[in-house]
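Raw contents of coords.tsv, TSV, C-alpha atoms:
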```
chain	number	residue	atom	x	y	z
T	8	MET	CA	9.75	7.15	-22.62
T	9	PRO	CA	11.79	4.77	-20.45
T	10	ALA	CA	11.80	1.05	-21.29
T	11	LEU	CA	10.01	-1.52	-19.14
T	12	THR	CA	12.68	-2.92	-16.82
T	13	HIS	CA	11.09	-6.34	-16.28
T	14	LEU	CA	11.15	-7.36	-19.96
T	15	GLY	CA	14.02	-9.15	-21.67
T	16	ALA	CA	15.19	-8.64	-25.27
T	17	LYS	CA	12.49	-11.01	-26.57
T	18	GLY	CA	9.72	-9.60	-24.38
T	19	GLU	CA	9.93	-12.31	-21.73
T	20	ALA	CA	9.36	-11.43	-18.07
T	21	ASN	CA	12.55	-11.17	-16.00
T	22	MET	CA	13.52	-10.17	-12.50
T	23	VAL	CA	15.69	-7.04	-12.66
T	24	ASP	CA	19.34	-7.59	-11.69
T	25	VAL	CA	20.04	-5.10	-8.89
T	26	GLY	CA	23.45	-6.55	-8.00
T	27	GLU	CA	25.43	-3.55	-9.28
T	28	LYS	CA	23.13	-0.90	-7.81
T	29	ALA	CA	24.22	1.17	-4.83
T	30	GLU	CA	22.55	0.66	-1.47
T	31	THR	CA	20.63	3.79	-0.55
T	32	THR	CA	17.77	4.63	1.77
T	33	ARG	CA	14.55	4.43	-0.19
T	34	THR	CA	11.10	5.47	0.99
T	35	ALA	CA	7.70	5.18	-0.68
T	36	ILE	CA	4.29	6.47	0.38
T	37	ALA	CA	1.04	5.15	-1.11
T	38	GLU	CA	-2.58	5.90	-0.43
T	39	GLY	CA	-6.01	4.41	-0.99
T	40	PHE	CA	-9.60	5.21	-0.07
T	41	VAL	CA	-12.61	3.21	1.08
T	42	SER	CA	-15.91	4.99	0.50
T	43	MET	CA	-18.94	3.83	2.46
T	44	ARG	CA	-22.29	4.87	3.86
T	45	PRO	CA	-22.05	7.46	6.67
T	46	GLU	CA	-23.53	4.99	9.16
T	47	THR	CA	-20.87	2.41	8.24
T	48	LEU	CA	-18.15	4.94	8.94
T	49	GLU	CA	-19.73	5.76	12.29
T	50	THR	CA	-19.94	2.05	13.19
T	51	ILE	CA	-16.24	1.60	12.39
T	52	LEU	CA	-15.17	4.73	14.29
T	53	ALA	CA	-17.27	3.74	17.31
T	54	GLY	CA	-15.58	0.34	17.38
T	55	ASP	CA	-18.92	-1.45	17.01
T	56	ALA	CA	-18.12	-3.71	14.04
T	57	LYS	CA	-19.00	-7.36	14.64
T	58	LYS	CA	-15.52	-8.57	13.65
T	59	GLY	CA	-13.79	-6.20	16.08
T	60	ASP	CA	-11.28	-3.36	15.73
T	61	VAL	CA	-11.45	-2.54	12.02
T	62	LEU	CA	-8.78	0.17	12.01
T	63	GLY	CA	-6.27	-1.73	14.14
T	64	THR	CA	-6.73	-4.92	12.16
T	65	ALA	CA	-6.39	-3.10	8.82
T	66	ARG	CA	-3.22	-1.38	10.04
T	67	ILE	CA	-1.62	-4.72	11.01
T	68	ALA	CA	-2.81	-6.36	7.76
T	69	GLY	CA	-1.17	-3.60	5.72
T	70	ILE	CA	2.12	-3.97	7.58
T	71	MET	CA	2.08	-7.75	7.17
T	72	ALA	CA	1.26	-7.42	3.46
T	73	ALA	CA	4.20	-5.09	2.84
T	74	LYS	CA	6.51	-7.72	4.34
T	75	LYS	CA	5.10	-10.37	1.96
T	76	THR	CA	4.99	-8.33	-1.25
T	77	HIS	CA	7.65	-10.46	-2.93
T	78	GLU	CA	5.44	-13.52	-2.34
T	79	LEU	CA	2.46	-11.86	-4.03
T	80	ILE	CA	4.02	-10.05	-6.98
T	81	PRO	CA	6.13	-12.42	-9.07
T	82	LEU	CA	9.11	-10.22	-10.01
T	83	CYS	CA	9.54	-8.27	-6.76
T	84	HIS	CA	12.73	-8.75	-4.76
T	85	PRO	CA	12.46	-9.82	-1.11
T	86	LEU	CA	13.47	-6.81	0.99
T	87	LEU	CA	14.66	-6.29	4.55
T	88	LEU	CA	12.25	-3.47	5.31
T	89	THR	CA	13.41	-1.05	7.98
T	90	LYS	CA	10.02	0.63	8.46
T	91	VAL	CA	6.40	0.09	7.49
T	92	ALA	CA	3.65	2.34	8.83
T	93	VAL	CA	-0.04	2.43	7.97
T	94	GLU	CA	-2.22	5.38	8.96
T	95	ILE	CA	-6.00	5.33	8.60
T	96	GLU	CA	-7.99	8.52	8.89
T	97	PRO	CA	-11.71	9.21	8.59
T	98	ASP	CA	-12.73	11.40	5.67
T	99	HIS	CA	-16.30	12.52	6.25
T	100	SER	CA	-16.42	14.16	2.82
T	101	LEU	CA	-16.25	10.72	1.11
T	102	PRO	CA	-17.67	9.46	3.51
T	103	GLY	CA	-15.08	6.83	4.32
T	104	LEU	CA	-11.49	6.20	5.26
T	105	LYS	CA	-8.17	7.32	3.81
T	106	VAL	CA	-5.31	4.84	4.12
T	107	THR	CA	-1.70	6.03	3.88
T	108	ALA	CA	1.15	3.51	3.88
T	109	LEU	CA	4.87	4.22	4.18
T	110	ALA	CA	7.62	1.69	3.45
T	111	ARG	CA	11.36	2.23	3.90
T	112	VAL	CA	14.47	0.18	3.17
T	113	THR	CA	18.20	0.67	2.88
T	114	GLY	CA	18.94	-1.45	-0.13
T	115	LYS	CA	19.44	-1.79	-3.88
T	116	THR	CA	15.82	-1.57	-5.01
T	117	GLY	CA	12.81	0.58	-4.22
T	118	VAL	CA	9.82	-0.01	-1.97
T	119	GLU	CA	6.99	1.35	-4.11
T	120	MET	CA	5.34	-2.05	-4.44
T	121	GLU	CA	5.55	-2.64	-0.70
T	122	ALA	CA	3.82	0.68	0.06
T	123	LEU	CA	1.17	0.04	-2.61
T	124	THR	CA	0.57	-3.48	-1.31
T	125	ALA	CA	0.25	-2.22	2.27
T	126	ALA	CA	-2.32	0.40	1.25
T	127	SER	CA	-4.26	-2.05	-0.91
T	128	VAL	CA	-4.46	-4.81	1.69
T	129	ALA	CA	-5.39	-2.35	4.43
T	130	CYS	CA	-8.29	-1.16	2.23
T	131	LEU	CA	-9.32	-4.75	1.50
T	132	THR	CA	-9.25	-5.55	5.21
T	133	ILE	CA	-11.52	-2.60	5.97
T	134	TYR	CA	-13.93	-3.91	3.35
T	135	ASP	CA	-13.77	-7.44	4.75
T	136	MET	CA	-14.40	-6.37	8.32
T	137	ALA	CA	-17.32	-4.06	7.49
T	138	LYS	CA	-18.97	-5.90	4.58
T	139	ALA	CA	-21.62	-7.35	6.89
T	140	VAL	CA	-23.14	-3.87	7.20
T	141	ASP	CA	-22.18	-2.35	3.82
T	142	ARG	CA	-21.38	-4.47	0.76
T	143	GLY	CA	-21.52	-1.33	-1.39
T	144	MET	CA	-18.20	0.06	-0.13
T	145	VAL	CA	-15.83	1.16	-2.90
T	146	ILE	CA	-12.03	0.94	-2.82
T	147	SER	CA	-10.45	3.60	-5.02
T	148	GLY	CA	-7.52	5.86	-5.63
T	149	VAL	CA	-4.75	3.42	-4.72
T	150	ARG	CA	-1.61	5.15	-5.96
T	151	LEU	CA	1.98	6.03	-5.27
T	152	VAL	CA	2.07	9.45	-3.64
T	153	GLU	CA	5.80	9.87	-3.19
T	154	LYS	CA	9.12	8.06	-3.43
T	155	THR	CA	12.64	9.06	-2.50
T	156	GLY	CA	16.04	7.51	-3.09
T	157	GLY	CA	17.48	5.27	-5.75
T	158	LYS	CA	18.87	5.77	-9.23
T	159	SER	CA	15.63	7.09	-10.74
T	160	GLY	CA	15.46	9.90	-8.18
T	161	ASP	CA	12.55	11.34	-6.28
T	162	TYR	CA	8.90	11.37	-7.33
T	163	LYS	CA	5.91	13.25	-6.00
T	164	ALA	CA	2.40	12.78	-7.40
T	165	ASP	CA	0.34	15.75	-8.46
T	166	ALA	CA	-2.19	16.80	-5.84
```
Take the structure in the file and give it back as structure tokens.
Amino acid sequence: MPALTHLGAKGEANMVDVGEKAETTRTAIAEGFVSMRPETLETILAGDAKKGDVLGTARIAGIMAAKKTHELIPLCHPLLLTKVAVEIEPDHSLPGLKVTALARVTGKTGVEMEALTAASVACLTIYDMAKAVDRGMVISGVRLVEKTGGKSGDYKADA
């Protein structure tokens, strides 16, 4: 099993030195789900939420969050992201919404945390904007779906 990269010889937390790593294009995709009552989903899709455009606001919140990941997670490097995209799709089988976030950079370190942060904050924003009608919503399944590039190679989650 690989060692934890953020721990020093004595177990202290450290920021990883990426100075000697090669710059490559790195992409990460994360997802998350917000389950809710069917009528809450219909309210969101109809654009009738009291706070306004839930999907558009959640999309922008996810993008903004990806750009601020290094401010939220102590040992993350600040990155010059080249692309962040957040897609939100209804999933009537939940019922609820599926959030997919993509982050890309050409740099010396990966963008998994940026994609995960984007998906998480988009889900939280959906909850915030619709909580007036459904406080029982559940955020679940936030995970890395795929990553490409970098020294550790590619990764794809099991379906």
Self-check item: Nearest residue to T:Val106 from the set T:Glu38, T:Glu78, T:Asp161, T:Asp135 (distances using all atoms listed in the file)
Solution: T:Glu38
Exercise. May I have the residues within 9 Å of stretch 58-72 of chain T as a ChimeraX atom specification, using only C-alpha atoms and disregarding those fewer than 2 positions away in the same chain?
Key: /T:51-52,54-56,74-76,79,91-96,106,108,110,121-122,124-133,136-137
Practice problem: Pick out the closest residue to T:Gly39 from this set: T:Val118, T:Ala73, T:Leu123, T:Val25. Count all atoms listed in the file. | Solution: T:Leu123
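One finds atom CA of T:Asp98 at 13.9 Å from atom CA of T:Met144.
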Practice problem: Fewer than 6 positions away in the same chain doesn't count, so skip those; otherwise give me all residues within 9 Å of T:Tyr134, counting all atoms listed in the file, as a ChimeraX atom specification. | Solution: /T:41,141-142,144-146
Self-check item: Close residues, T:Glu153 itself excluded, 9 Å, all atoms listed in the file, min 3 positions apart in chain, as a PyMOL selection string
Solution: chain T and resi 34-37+119+161-164
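The smallest atom-to-atom distance between T:Val23 and any of T:Lys105, T:Lys57, T:Lys115, T:Lys138, using all atoms listed in the file, is found for T:Lys115.
Among the candidates T:Pro81, T:Gly117, T:Pro97, T:Gly103, the one nearest to T:Met22 when counting all atoms listed in the file is T:Pro81.
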Quiz item: For the atom pair atom CA of T:Val149 and atom CA of T:Glu30, what is the interatomic distance in Å to one decimal place?
Solution: 27.6 Å
